[in-house]
file structure.txt (compact mmCIF, C-alpha atoms and all ligand atoms)
# COMPACT_ATOMS: atom_id res chain seq x y z
CA MET A 1 20.11 -19.06 -4.41
CA ALA A 2 19.94 -15.35 -4.82
CA LYS A 3 18.57 -12.11 -3.56
CA ILE A 4 15.93 -10.72 -5.92
CA THR A 5 15.90 -7.03 -6.79
CA LEU A 6 13.07 -5.25 -8.57
CA SER A 7 14.30 -1.95 -9.92
CA ASN A 8 11.86 0.72 -11.18
CA LEU A 9 9.58 -2.13 -12.08
CA ALA A 10 6.12 -1.43 -13.54
CA HIS A 11 3.73 -3.36 -15.71
CA SER A 12 0.78 -2.57 -17.93
CA TYR A 13 -1.11 -5.13 -19.99
CA LEU A 14 -1.97 -2.31 -22.42
CA PRO A 15 0.33 -1.54 -25.36
CA ASN A 16 0.33 2.24 -24.76
CA PRO A 17 -0.37 2.94 -21.10
CA LYS A 18 -1.15 6.59 -20.47
CA SER A 19 -2.15 7.12 -16.87
CA GLU A 20 -1.31 5.32 -13.64
CA ALA A 21 -4.67 3.58 -13.83
CA ASP A 22 -3.45 1.71 -16.93
CA TYR A 23 -0.80 -0.09 -14.87
CA ALA A 24 -1.53 -3.43 -13.17
CA LEU A 25 1.71 -2.83 -11.27
CA LYS A 26 2.67 0.74 -10.39
CA GLU A 27 6.38 1.56 -10.25
CA MET A 28 8.14 -0.28 -7.43
CA ASP A 29 11.64 -0.76 -6.01
CA HIS A 30 12.20 -3.75 -3.80
CA VAL A 31 14.72 -6.22 -2.57
CA TRP A 32 13.70 -9.74 -1.53
CA ASP A 33 16.44 -11.12 0.69
CA ASP A 34 18.13 -14.38 -0.14
CA GLY A 35 16.55 -17.15 1.87
CA GLY A 36 13.56 -15.16 3.06
CA ALA A 37 10.10 -16.67 3.53
CA TYR A 38 7.75 -14.08 2.12
CA ALA A 39 4.00 -13.97 1.78
CA LEU A 40 2.54 -11.73 -0.88
CA LEU A 41 -0.85 -10.76 0.48
CA GLY A 42 -3.65 -8.76 -1.09
CA ALA A 43 -7.21 -8.87 -2.39
CA SER A 44 -8.04 -10.49 -5.72
CA GLY A 45 -6.96 -8.38 -8.69
CA CYS A 46 -4.34 -6.30 -6.87
CA GLY A 47 -1.47 -7.61 -9.01
CA LYS A 48 -0.01 -10.54 -7.06
CA SER A 49 0.14 -13.00 -9.96
CA THR A 50 1.43 -10.29 -12.28
CA LEU A 51 4.34 -9.65 -9.93
CA LEU A 52 5.06 -13.35 -9.42
CA ASN A 53 5.03 -14.04 -13.16
CA ILE A 54 7.47 -11.20 -13.75
CA ILE A 55 9.85 -12.66 -11.18
CA SER A 56 9.63 -16.12 -12.76
CA GLY A 57 9.94 -14.76 -16.29
CA LEU A 58 6.53 -15.85 -17.59
CA LEU A 59 5.81 -12.17 -18.12
CA HIS A 60 8.16 -9.47 -19.40
CA PRO A 61 7.69 -6.21 -17.45
CA SER A 62 6.83 -3.15 -19.51
CA GLU A 63 9.27 -1.07 -17.43
CA GLY A 64 12.22 -1.69 -15.11
CA ARG A 65 14.60 -4.52 -14.35
CA VAL A 66 14.67 -7.79 -12.42
CA LEU A 67 17.98 -8.88 -10.86
CA PHE A 68 18.95 -12.23 -9.31
CA GLY A 69 22.00 -11.45 -7.21
CA ASP A 70 23.94 -9.05 -9.43
CA GLU A 71 22.71 -10.59 -12.66
CA ASP A 72 20.08 -8.80 -14.74
CA VAL A 73 17.59 -11.49 -15.75
CA THR A 74 14.89 -9.20 -17.16
CA ASP A 75 15.31 -10.68 -20.63
CA ALA A 76 16.15 -14.22 -19.53
CA PRO A 77 13.53 -16.90 -20.16
CA THR A 78 11.97 -18.83 -17.26
CA ALA A 79 14.14 -21.91 -17.81
CA GLN A 80 17.33 -19.91 -17.34
CA ARG A 81 16.14 -18.36 -14.09
CA ASN A 82 16.27 -21.59 -12.15
CA ILE A 83 12.99 -21.06 -10.39
CA ALA A 84 10.25 -23.43 -9.31
CA GLN A 85 6.70 -22.17 -9.53
CA VAL A 86 3.50 -23.74 -8.23
CA PHE A 87 0.22 -22.43 -9.61
CA GLN A 88 -3.26 -22.13 -8.18
CA PHE A 89 -4.56 -25.08 -10.18
CA PRO A 90 -2.71 -28.36 -10.69
CA VAL A 91 -0.33 -28.74 -13.58
CA VAL A 92 0.52 -32.44 -13.88
CA TYR A 93 1.30 -34.91 -16.65
CA ASP A 94 -1.77 -37.13 -16.70
CA THR A 95 -0.14 -40.04 -18.51
CA MET A 96 2.76 -40.24 -16.06
CA SER A 97 2.71 -41.88 -12.66
CA VAL A 98 2.93 -39.82 -9.51
CA ARG A 99 6.56 -40.93 -9.17
CA GLU A 100 7.41 -39.82 -12.72
CA ASN A 101 5.70 -36.49 -12.17
CA LEU A 102 7.73 -35.83 -9.04
CA ALA A 103 10.95 -37.01 -10.67
CA PHE A 104 10.47 -34.93 -13.81
CA PRO A 105 12.24 -31.68 -12.76
CA LEU A 106 15.23 -33.70 -11.52
CA LYS A 107 15.52 -36.02 -14.55
CA ASN A 108 15.15 -33.00 -16.77
CA ARG A 109 18.32 -31.60 -15.22
CA GLY A 110 20.17 -34.90 -15.51
CA ALA A 111 20.19 -35.86 -11.84
CA LYS A 112 21.55 -39.33 -10.92
CA PRO A 113 18.90 -42.09 -10.57
CA ALA A 114 19.80 -42.93 -6.98
CA TYR A 115 19.44 -39.29 -5.96
CA VAL A 116 16.16 -38.98 -7.87
CA ALA A 117 14.72 -42.06 -6.16
CA GLU A 118 15.68 -40.85 -2.71
CA ARG A 119 14.47 -37.30 -3.26
CA VAL A 120 11.13 -38.45 -4.72
CA GLN A 121 10.61 -40.61 -1.66
CA THR A 122 11.29 -37.68 0.68
CA ILE A 123 8.89 -35.39 -1.14
CA ALA A 124 6.20 -38.10 -1.41
CA ARG A 125 6.36 -38.45 2.36
CA MET A 126 5.96 -34.69 2.83
CA ILE A 127 2.85 -34.51 0.67
CA GLY A 128 1.43 -37.77 2.00
CA MET A 129 1.51 -39.68 -1.31
CA GLU A 130 3.96 -42.51 -0.64
CA ASP A 131 1.22 -45.08 -1.15
CA VAL A 132 0.18 -43.95 -4.60
CA LEU A 133 3.57 -43.34 -6.22
CA ASP A 134 2.90 -45.84 -8.99
CA ARG A 135 -0.61 -44.68 -9.85
CA LYS A 136 -1.13 -42.68 -13.02
CA ALA A 137 -1.93 -39.02 -12.29
CA ARG A 138 -5.00 -39.32 -14.51
CA GLY A 139 -8.03 -40.12 -12.41
CA LEU A 140 -6.65 -38.65 -9.20
CA THR A 141 -8.70 -35.95 -7.47
CA ALA A 142 -7.89 -32.25 -8.00
CA ASP A 143 -6.69 -32.21 -4.42
CA ALA A 144 -4.20 -35.02 -5.04
CA LYS A 145 -3.05 -33.49 -8.30
CA GLN A 146 -2.35 -30.21 -6.55
CA LYS A 147 -0.25 -32.03 -4.00
CA ILE A 148 1.78 -33.45 -6.88
CA SER A 149 2.21 -29.91 -8.23
CA LEU A 150 3.43 -28.77 -4.84
CA GLY A 151 5.78 -31.72 -4.60
CA ARG A 152 7.21 -30.96 -8.03
CA GLY A 153 7.77 -27.36 -6.97
CA MET A 154 9.75 -28.51 -3.95
CA VAL A 155 11.71 -31.43 -5.39
CA ARG A 156 14.73 -29.50 -6.64
CA GLU A 157 17.17 -28.32 -4.00
CA ASP A 158 19.22 -26.10 -6.30
CA VAL A 159 16.66 -23.46 -7.27
CA ASN A 160 17.06 -19.70 -6.83
CA ALA A 161 13.56 -19.39 -5.40
CA ILE A 162 10.27 -21.22 -5.11
CA LEU A 163 7.16 -19.24 -6.02
CA PHE A 164 3.72 -20.35 -4.89
CA ASP A 165 0.65 -18.72 -6.40
CA GLU A 166 -2.29 -19.46 -4.08
CA PRO A 167 -1.30 -23.14 -4.13
CA LEU A 168 -3.77 -24.40 -1.55
CA THR A 169 -6.98 -23.10 -3.13
CA VAL A 170 -8.25 -26.57 -4.10
CA ILE A 171 -6.93 -28.36 -1.00
CA ASP A 172 -9.25 -29.27 1.85
CA PRO A 173 -8.90 -27.20 5.06
CA HIS A 174 -7.18 -29.82 7.22
CA MET A 175 -4.60 -30.70 4.57
CA LYS A 176 -4.04 -26.98 4.01
CA TRP A 177 -2.74 -26.56 7.50
CA GLU A 178 -0.58 -29.65 7.18
CA LEU A 179 0.95 -28.61 3.86
CA ARG A 180 1.63 -25.11 5.08
CA THR A 181 3.49 -26.57 8.04
CA GLN A 182 5.47 -28.76 5.61
CA LEU A 183 6.37 -25.74 3.48
CA LYS A 184 7.63 -23.96 6.53
CA SER A 185 9.78 -26.86 7.63
CA LEU A 186 11.11 -27.19 4.09
CA HIS A 187 12.07 -23.54 4.29
CA ARG A 188 13.87 -24.07 7.58
CA GLU A 189 15.71 -27.09 6.23
CA PHE A 190 16.83 -25.78 2.83
CA GLY A 191 16.61 -22.01 3.22
CA HIS A 192 15.25 -21.35 -0.25
CA THR A 193 13.86 -17.92 -0.97
CA MET A 194 10.12 -18.57 -0.96
CA ILE A 195 7.37 -16.26 -2.12
CA TYR A 196 3.92 -17.43 -1.22
CA VAL A 197 0.95 -15.61 -2.75
CA THR A 198 -2.32 -15.61 -0.87
CA HIS A 199 -5.38 -13.46 -0.20
CA ASP A 200 -5.77 -15.07 3.23
CA GLN A 201 -4.18 -13.17 6.12
CA THR A 202 -3.99 -16.24 8.36
CA GLU A 203 -2.03 -18.12 5.70
CA ALA A 204 0.25 -15.15 5.17
CA LEU A 205 0.92 -14.48 8.83
CA THR A 206 1.57 -18.11 9.73
CA PHE A 207 3.81 -18.89 6.77
CA ALA A 208 5.98 -15.84 6.40
CA ASP A 209 8.78 -14.07 8.23
CA LYS A 210 7.95 -11.04 6.14
CA VAL A 211 4.58 -10.19 4.68
CA VAL A 212 4.38 -8.04 1.58
CA VAL A 213 0.98 -6.38 1.40
CA MET A 214 -0.26 -5.31 -2.03
CA HIS A 215 -3.13 -3.00 -2.79
CA ASP A 216 -4.20 -1.71 -6.16
CA GLY A 217 -0.96 -2.54 -7.99
CA ARG A 218 1.31 -1.27 -5.22
CA VAL A 219 3.28 -2.82 -2.43
CA VAL A 220 1.96 -0.79 0.49
CA GLN A 221 4.04 -2.44 3.20
CA MET A 222 6.71 -5.08 3.60
CA GLY A 223 7.07 -6.04 7.23
CA THR A 224 6.96 -8.62 9.98
CA PRO A 225 3.52 -9.65 11.25
CA GLU A 226 4.21 -7.48 14.32
CA GLU A 227 4.98 -4.41 12.22
CA LEU A 228 1.81 -4.87 10.17
CA PHE A 229 -0.15 -5.11 13.38
CA GLU A 230 1.46 -2.27 15.29
CA THR A 231 2.27 0.31 12.64
CA PRO A 232 0.29 -0.32 9.47
CA ALA A 233 1.93 1.90 6.83
CA HIS A 234 -1.32 2.32 4.90
CA THR A 235 -4.97 2.28 5.92
CA PHE A 236 -5.45 -0.80 3.71
CA VAL A 237 -2.99 -2.76 5.87
CA GLY A 238 -4.90 -1.55 8.91
CA TYR A 239 -8.28 -2.84 7.88
CA PHE A 240 -7.25 -5.83 5.74
CA ILE A 241 -5.15 -7.35 8.52
CA GLY A 242 -6.74 -8.06 11.88
CA SER A 243 -10.17 -9.29 12.78
CA PRO A 244 -11.83 -7.02 13.01
CA GLY A 245 -9.48 -4.58 11.28
CA MET A 246 -8.30 -1.21 12.49
CA ASN A 247 -10.80 1.53 13.37
CA LEU A 248 -10.33 4.56 11.12
CA LEU A 249 -11.85 7.90 12.02
CA ASP A 250 -11.65 11.26 10.28
CA ALA A 251 -9.93 13.71 12.57
CA GLU A 252 -8.20 17.04 12.77
CA VAL A 253 -4.71 16.60 14.14
CA ARG A 254 -2.79 19.45 15.79
CA GLY A 255 0.34 18.88 17.84
CA LYS A 256 -0.30 16.10 20.32
CA THR A 257 -4.08 16.03 19.98
CA ALA A 258 -6.60 14.67 17.52
CA HIS A 259 -9.99 16.39 17.40
CA ILE A 260 -13.13 14.51 16.40
CA GLU A 261 -16.50 16.21 16.68
CA GLY A 262 -15.27 18.45 19.49
CA VAL A 263 -13.74 15.57 21.46
CA GLU A 264 -10.03 15.72 22.20
CA ILE A 265 -8.06 12.52 21.77
CA PRO A 266 -4.57 12.53 23.25
CA LEU A 267 -1.70 11.31 21.10
CA GLU A 268 1.67 10.15 22.32
CA ALA A 269 3.66 11.99 19.67
CA THR A 270 3.56 15.41 18.04
CA TYR A 271 2.45 15.96 14.45
CA THR A 272 2.77 19.15 12.44
CA ALA A 273 -0.51 20.20 10.82
CA PRO A 274 -0.97 17.53 8.14
CA GLN A 275 -2.33 18.49 4.71
CA GLY A 276 -4.94 16.21 3.12
CA ARG A 277 -7.55 13.81 4.44
CA THR A 278 -6.47 13.09 7.99
CA GLN A 279 -7.59 10.03 9.94
CA ILE A 280 -6.57 8.33 13.11
CA GLY A 281 -6.28 4.55 13.12
CA VAL A 282 -6.60 2.45 16.27
CA ARG A 283 -6.76 -1.32 16.40
CA PRO A 284 -9.72 -2.74 18.39
CA GLU A 285 -7.17 -4.32 20.76
CA PHE A 286 -6.15 -0.81 21.92
CA ALA A 287 -9.63 0.66 22.32
CA SER A 288 -11.64 0.29 25.49
CA LEU A 289 -14.99 1.27 26.92
CA SER A 290 -15.13 3.78 29.74
CA THR A 291 -17.69 5.08 32.19
CA GLY A 292 -15.79 8.39 32.48
CA HIS A 293 -16.19 11.67 30.64
CA GLN A 294 -13.21 11.38 28.30
CA GLY A 295 -13.29 9.82 24.86
CA LEU A 296 -15.80 9.50 22.07
CA PRO A 297 -19.46 9.12 23.04
CA VAL A 298 -20.78 5.77 21.81
CA THR A 299 -23.69 3.39 22.10
CA VAL A 300 -22.87 -0.30 22.41
CA THR A 301 -24.89 -2.12 19.77
CA ARG A 302 -23.65 -5.70 20.07
CA VAL A 303 -21.22 -7.91 21.99
CA GLU A 304 -19.85 -11.00 20.25
CA ASP A 305 -18.17 -13.81 22.11
CA VAL A 306 -15.36 -15.21 20.01
CA GLY A 307 -13.59 -17.56 22.37
CA ARG A 308 -10.64 -15.95 24.07
CA HIS A 309 -12.08 -12.43 23.85
CA ARG A 310 -15.17 -10.47 23.00
CA ILE A 311 -15.77 -8.02 20.19
CA VAL A 312 -17.82 -5.02 21.21
CA ARG A 313 -19.53 -3.19 18.36
CA ALA A 314 -20.25 0.41 19.24
CA ASP A 315 -21.91 3.18 17.29
CA PHE A 316 -20.35 6.60 17.07
CA LEU A 317 -22.53 9.00 15.07
CA GLY A 318 -23.47 6.31 12.59
CA GLN A 319 -19.96 4.88 12.35
CA GLU A 320 -19.03 1.52 13.85
CA ILE A 321 -16.14 1.36 16.29
CA ASN A 322 -14.88 -2.09 17.25
CA ILE A 323 -13.40 -2.81 20.64
CA ILE A 324 -11.77 -6.03 21.79
CA ALA A 325 -12.48 -6.76 25.43
CA SER A 326 -10.96 -9.63 27.35
CA GLU A 327 -13.20 -12.55 28.18
CA GLY A 328 -13.51 -11.77 31.88
CA ALA A 329 -13.84 -8.00 31.58
CA GLU A 330 -17.19 -6.66 32.64
CA ILE A 331 -18.96 -4.44 30.16
CA ALA A 332 -20.61 -1.81 32.36
CA ALA A 333 -24.13 -0.79 31.44
CA ASP A 334 -23.16 2.87 31.81
CA ALA A 335 -20.06 2.63 29.61
CA THR A 336 -20.82 5.33 27.11
CA ARG A 337 -17.37 6.37 25.98
CA VAL A 338 -14.57 4.74 24.04
CA ILE A 339 -10.98 5.66 24.81
CA PHE A 340 -7.77 4.80 22.99
CA ASP A 341 -4.28 3.99 24.23
CA PRO A 342 -2.42 7.14 23.07
CA ALA A 343 0.73 5.12 22.26
CA ARG A 344 -1.30 2.98 19.84
CA VAL A 345 -2.96 5.72 17.83
CA ASN A 346 -1.59 6.03 14.29
CA VAL A 347 -2.17 9.10 12.13
CA TYR A 348 -2.91 8.77 8.41
CA VAL A 349 -2.92 11.40 5.71
CA ASP A 350 -4.45 10.40 2.39
CA ASP A 351 -4.20 6.78 3.58
CA TRP A 352 -0.46 6.77 4.36
CA ARG A 353 0.84 6.65 7.91
CA LEU A 354 2.42 9.87 9.07
CA SER A 355 5.67 9.59 11.02
CA PRO A 356 5.48 11.45 14.29
CA GLU A 357 8.00 14.17 14.99
CA THR A 358 10.82 13.33 17.34
CA ALA A 359 13.08 15.61 19.34
CA GLN A 360 15.66 15.33 16.54
CA GLY A 361 13.16 16.20 13.82
CA LYS A 362 11.10 13.85 11.69
CA ALA A 363 11.29 10.17 12.44
CA ALA A 364 12.19 7.80 9.64
P1 LIG B 1 -4.12 -11.09 -8.43
O1 LIG B 1 -3.21 -12.22 -8.73
O2 LIG B 1 -3.68 -10.26 -7.27
O3 LIG B 1 -5.54 -11.51 -8.30
P2 LIG B 1 -3.50 -10.23 -11.16
O4 LIG B 1 -2.04 -9.99 -11.16
O5 LIG B 1 -3.98 -11.50 -11.75
O6 LIG B 1 -4.07 -10.05 -9.68
O7 LIG B 1 -4.23 -9.03 -11.91
C1 LIG B 1 -3.91 -7.68 -11.70
C2 LIG B 1 -4.71 -6.83 -12.68
O8 LIG B 1 -4.26 -7.09 -14.01
C3 LIG B 1 -6.20 -7.12 -12.69
O9 LIG B 1 -6.88 -5.92 -12.90
C4 LIG B 1 -6.38 -8.07 -13.86
O10 LIG B 1 -7.66 -7.95 -14.42
C5 LIG B 1 -5.31 -7.59 -14.83
N1 LIG B 1 -4.79 -8.69 -15.66
C6 LIG B 1 -4.23 -9.85 -15.20
N2 LIG B 1 -3.82 -10.62 -16.23
C7 LIG B 1 -4.11 -9.95 -17.36
C8 LIG B 1 -3.93 -10.21 -18.75
N3 LIG B 1 -3.33 -11.34 -19.18
N4 LIG B 1 -4.36 -9.27 -19.62
C9 LIG B 1 -4.93 -8.12 -19.20
N5 LIG B 1 -5.14 -7.81 -17.92
C10 LIG B 1 -4.74 -8.70 -17.00
MG MG B 2 -3.62 -14.29 -8.88
call {"tool": "encode", "arguments": {"input": "structure.txt", "output": "structure tokens"}}
result
Amino acid sequence: MAKITLSNLAHSYLPNPKSEADYALKEMDHVWDDGGAYALLGASGCGKSTLLNIISGLLHPSEGRVLFGDEDVTDAPTAQRNIAQVFQFPVVYDTMSVRENLAFPLKNRGAKPAYVAERVQTIARMIGMEDVLDRKARGLTADAKQKISLGRGMVREDVNAILFDEPLTVIDPHMKWELRTQLKSLHREFGHTMIYVTHDQTEALTFADKVVVMHDGRVVQMGTPEELFETPAHTFVGYFIGSPGMNLLDAEVRGKTAHIEGVEIPLEATYTAPQGRTQIGVRPEFASLSTGHQGLPVTVTRVEDVGRHRIVRADFLGQEINIIASEGAEIAADATRVIFDPARVNVYVDDWRLSPETAQGKAA
């Protein structure tokens, strides 16, 4: 197993890229820790598969290096990288039985028959296919074939990393949950570095210790679920993660106050006059309705009951502000203001989170 380093990595599918827009992956520097369970999360087309295929060696990056441990593998073919990869759609050998499919990566490496038999049995149990081990893969449903693909990705214990590219797309919802749980327990047991690509925040947040959020060819944040929730580094992380996502409002920020349409919003920290488009970002969890005279004037347009809490949709000069209210909390008829917890207000300039100033100077 190995730590994976991406050094000045960038990729363009064009032969002569000219501007940044020509790059599917903009330049990035990253280290993926040995043994980490990562989710690579982002909308369709943001570059997730491109990045995964560069790590596995299916794609040669146009710029930069890929290191496994201290070894530069940029020019090494996939086979030499000792990586297992599971794709979005099943890749199975139709003429082989389920057992032979699962055994293939082990036999290919010359594993002993007794070990192969035992390992295949273990994996078959994990993916719920013990009963069909001797069936030919041909004729099985897409769902079953994908489980075989997953099993094949997990069968080897000696890999540097296991890469999953949206592997549960064709799996039914109940089995999805079950397989994700299995992947997590496999991670706990063997400690492989795992990178799991998904566009689904629930999948990402439940699977990973660290979530890597991509947007438009860039990694915009690598953090724990808590970090993504509390201090989104980029406005994209704010609104992509959470339901509903973070409220973003254009503001003028001076010192410890944000000004929006003549209303003063207290901040916990001090900011020096930011240059560029300035916004404040507040998650709905940290916004509340008030009957007082402080805060932004709003009109409540809708209240949605979503089980453990309610989502209040409020209108502020044509812009929607979302507020999460607890189930029992009364929503007063004369609540015409929304206030924010000052400690939970983030400041963004041109979409990137601004670090507040500390007594010692700028925070990291
Ligand atoms: P994701 O996996 O996040 O959906 P991809 O990595 O597949 O995103 O794609 C990133 C960008 O690169 C997209 O704009 C896509 O159209 C482009 N792209 C992906 N594969 C190729 C390719 N083989 N040739 C040219 N452009 C590609
Ligand atoms: Mg993809």
call {"tool": "closest_residue", "arguments": {"input": "structure.txt", "among": "A:Gly110, A:Gly217, A:Pro225, A:Gly262", "to": "ligand LIG 1 (chain B)", "atoms": "only C-alpha atoms and all ligand atoms"}}
result
A:Gly217
call {"tool": "residues_near_ligand", "arguments": {"input": "structure.txt", "ligand": "ligand MG 2 (chain B)", "cutoff": "8 Å", "atoms": "only C-alpha atoms and all ligand atoms", "output": "list in words"}}
result
Ser44, Gly45, Gly47, Lys48, Ser49, Thr50, Gln88, Asp165, Glu166 and Val197 of chain A
call {"tool": "write_last_selection", "arguments": {"input": "structure.txt", "atoms": "C-alpha atoms", "output": "mmCIF file, keeping the file's coordinate frame"}}
result
data_model
loop_
_atom_site.group_PDB
_atom_site.id
_atom_site.type_symbol
_atom_site.label_atom_id
_atom_site.label_comp_id
_atom_site.auth_asym_id
_atom_site.auth_seq_id
_atom_site.Cartn_x
_atom_site.Cartn_y
_atom_site.Cartn_z
ATOM 1 C CA SER A 44 -8.040 -10.490 -5.720
ATOM 2 C CA GLY A 45 -6.960 -8.380 -8.690
ATOM 3 C CA GLY A 47 -1.470 -7.610 -9.010
ATOM 4 C CA LYS A 48 -0.010 -10.540 -7.060
ATOM 5 C CA SER A 49 0.140 -13.000 -9.960
ATOM 6 C CA THR A 50 1.430 -10.290 -12.280
ATOM 7 C CA GLN A 88 -3.260 -22.130 -8.180
ATOM 8 C CA ASP A 165 0.650 -18.720 -6.400
ATOM 9 C CA GLU A 166 -2.290 -19.460 -4.080
ATOM 10 C CA VAL A 197 0.950 -15.610 -2.750
#
call {"tool": "residues_around", "arguments": {"input": "structure.txt", "residues": "Gly128 in chain A", "least_positions_apart": "6", "cutoff": "10 Å", "atoms": "all atoms listed in the file", "output": "PDB file with C-alpha atoms, in the frame of the given file"}}
result
ATOM      1  CA  THR A 122      11.290 -37.680   0.680  1.00  0.00           C
ATOM      2  CA  ALA A 144      -4.200 -35.020  -5.040  1.00  0.00           C
ATOM      3  CA  LYS A 147      -0.250 -32.030  -4.000  1.00  0.00           C
ATOM      4  CA  ILE A 148       1.780 -33.450  -6.880  1.00  0.00           C
ATOM      5  CA  GLY A 151       5.780 -31.720  -4.600  1.00  0.00           C
ATOM      6  CA  MET A 175      -4.600 -30.700   4.570  1.00  0.00           C
ATOM      7  CA  GLU A 178      -0.580 -29.650   7.180  1.00  0.00           C
ATOM      8  CA  LEU A 179       0.950 -28.610   3.860  1.00  0.00           C
TER       9      LEU A 179
END
call {"tool": "residues_around", "arguments": {"input": "structure.txt", "residues": "Val303 in chain A", "least_positions_apart": "5", "cutoff": "7 Å", "atoms": "all atoms listed in the file", "output": "list in words"}}
result
Arg310, Ile311, Val312 and Arg313 of chain A
call {"tool": "residues_around", "arguments": {"input": "structure.txt", "residues": "Glu252 in chain A", "least_positions_apart": "6", "cutoff": "8 Å", "atoms": "only C-alpha atoms", "output": "ChimeraX atom specification"}}
result
/A:258-260,278-279
call {"tool": "closest_residue", "arguments": {"input": "structure.txt", "among": "A:His215, A:Ala111, A:Phe89, A:Ala76", "to": "ligand LIG 1 (chain B)", "atoms": "all atoms listed in the file"}}
result
A:His215
call {"tool": "atom_distance", "arguments": {"input": "structure.txt", "atom1": "CA of Glu261 in chain A", "atom2": "CA of Gly281 in chain A"}}
result
15.9 Å
call {"tool": "atom_distance", "arguments": {"input": "structure.txt", "atom1": "CA of Arg81 in chain A", "atom2": "CA of Leu9 in chain A"}}
result
17.6 Å
call {"tool": "decode", "arguments": {"input": "structure.txt", "residues": "range 23-37 of chain A", "atoms": "N, CA and C atoms", "output": "PDB file, in the first residue's frame"}}
result
ATOM      1  N   TYR A  23      -8.470  22.878 -20.048  1.00  0.00           N
ATOM      2  CA  TYR A  23      -8.055  21.787 -19.152  1.00  0.00           C
ATOM      3  C   TYR A  23      -9.240  21.150 -18.437  1.00  0.00           C
ATOM      4  N   ALA A  24      -9.359  19.821 -18.565  1.00  0.00           N
ATOM      5  CA  ALA A  24     -10.388  19.089 -17.808  1.00  0.00           C
ATOM      6  C   ALA A  24      -9.990  19.031 -16.342  1.00  0.00           C
ATOM      7  N   LEU A  25      -8.677  19.000 -16.086  1.00  0.00           N
ATOM      8  CA  LEU A  25      -8.164  19.120 -14.716  1.00  0.00           C
ATOM      9  C   LEU A  25      -7.226  20.303 -14.673  1.00  0.00           C
ATOM     10  N   LYS A  26      -7.501  21.278 -13.819  1.00  0.00           N
ATOM     11  CA  LYS A  26      -6.591  22.412 -13.644  1.00  0.00           C
ATOM     12  C   LYS A  26      -5.467  21.953 -12.709  1.00  0.00           C
ATOM     13  N   GLU A  27      -4.350  22.686 -12.734  1.00  0.00           N
ATOM     14  CA  GLU A  27      -3.198  22.241 -11.953  1.00  0.00           C
ATOM     15  C   GLU A  27      -3.547  21.983 -10.482  1.00  0.00           C
ATOM     16  N   MET A  28      -3.106  20.819  -9.992  1.00  0.00           N
ATOM     17  CA  MET A  28      -3.364  20.499  -8.587  1.00  0.00           C
ATOM     18  C   MET A  28      -2.185  19.800  -7.920  1.00  0.00           C
ATOM     19  N   ASP A  29      -2.058  20.010  -6.612  1.00  0.00           N
ATOM     20  CA  ASP A  29      -1.056  19.359  -5.776  1.00  0.00           C
ATOM     21  C   ASP A  29      -1.778  18.721  -4.604  1.00  0.00           C
ATOM     22  N   HIS A  30      -1.630  17.409  -4.481  1.00  0.00           N
ATOM     23  CA  HIS A  30      -2.372  16.727  -3.427  1.00  0.00           C
ATOM     24  C   HIS A  30      -1.674  15.504  -2.919  1.00  0.00           C
ATOM     25  N   VAL A  31      -1.933  15.189  -1.684  1.00  0.00           N
ATOM     26  CA  VAL A  31      -1.455  13.922  -1.141  1.00  0.00           C
ATOM     27  C   VAL A  31      -2.663  13.161  -0.604  1.00  0.00           C
ATOM     28  N   TRP A  32      -2.781  11.901  -1.030  1.00  0.00           N
ATOM     29  CA  TRP A  32      -3.829  11.020  -0.513  1.00  0.00           C
ATOM     30  C   TRP A  32      -3.118  10.074   0.442  1.00  0.00           C
ATOM     31  N   ASP A  33      -3.476  10.145   1.717  1.00  0.00           N
ATOM     32  CA  ASP A  33      -2.770   9.346   2.720  1.00  0.00           C
ATOM     33  C   ASP A  33      -2.972   7.851   2.532  1.00  0.00           C
ATOM     34  N   ASP A  34      -1.926   7.124   2.865  1.00  0.00           N
ATOM     35  CA  ASP A  34      -1.982   5.672   2.819  1.00  0.00           C
ATOM     36  C   ASP A  34      -3.078   5.179   3.753  1.00  0.00           C
ATOM     37  N   GLY A  35      -3.957   4.366   3.217  1.00  0.00           N
ATOM     38  CA  GLY A  35      -4.998   3.783   4.061  1.00  0.00           C
ATOM     39  C   GLY A  35      -6.231   4.633   4.261  1.00  0.00           C
ATOM     40  N   GLY A  36      -6.281   5.781   3.616  1.00  0.00           N
ATOM     41  CA  GLY A  36      -7.445   6.656   3.772  1.00  0.00           C
ATOM     42  C   GLY A  36      -8.655   6.151   3.000  1.00  0.00           C
ATOM     43  N   ALA A  37      -9.850   6.465   3.517  1.00  0.00           N
ATOM     44  CA  ALA A  37     -11.084   6.198   2.762  1.00  0.00           C
ATOM     45  C   ALA A  37     -11.582   7.545   2.260  1.00  0.00           C
TER      46      ALA A  37
END
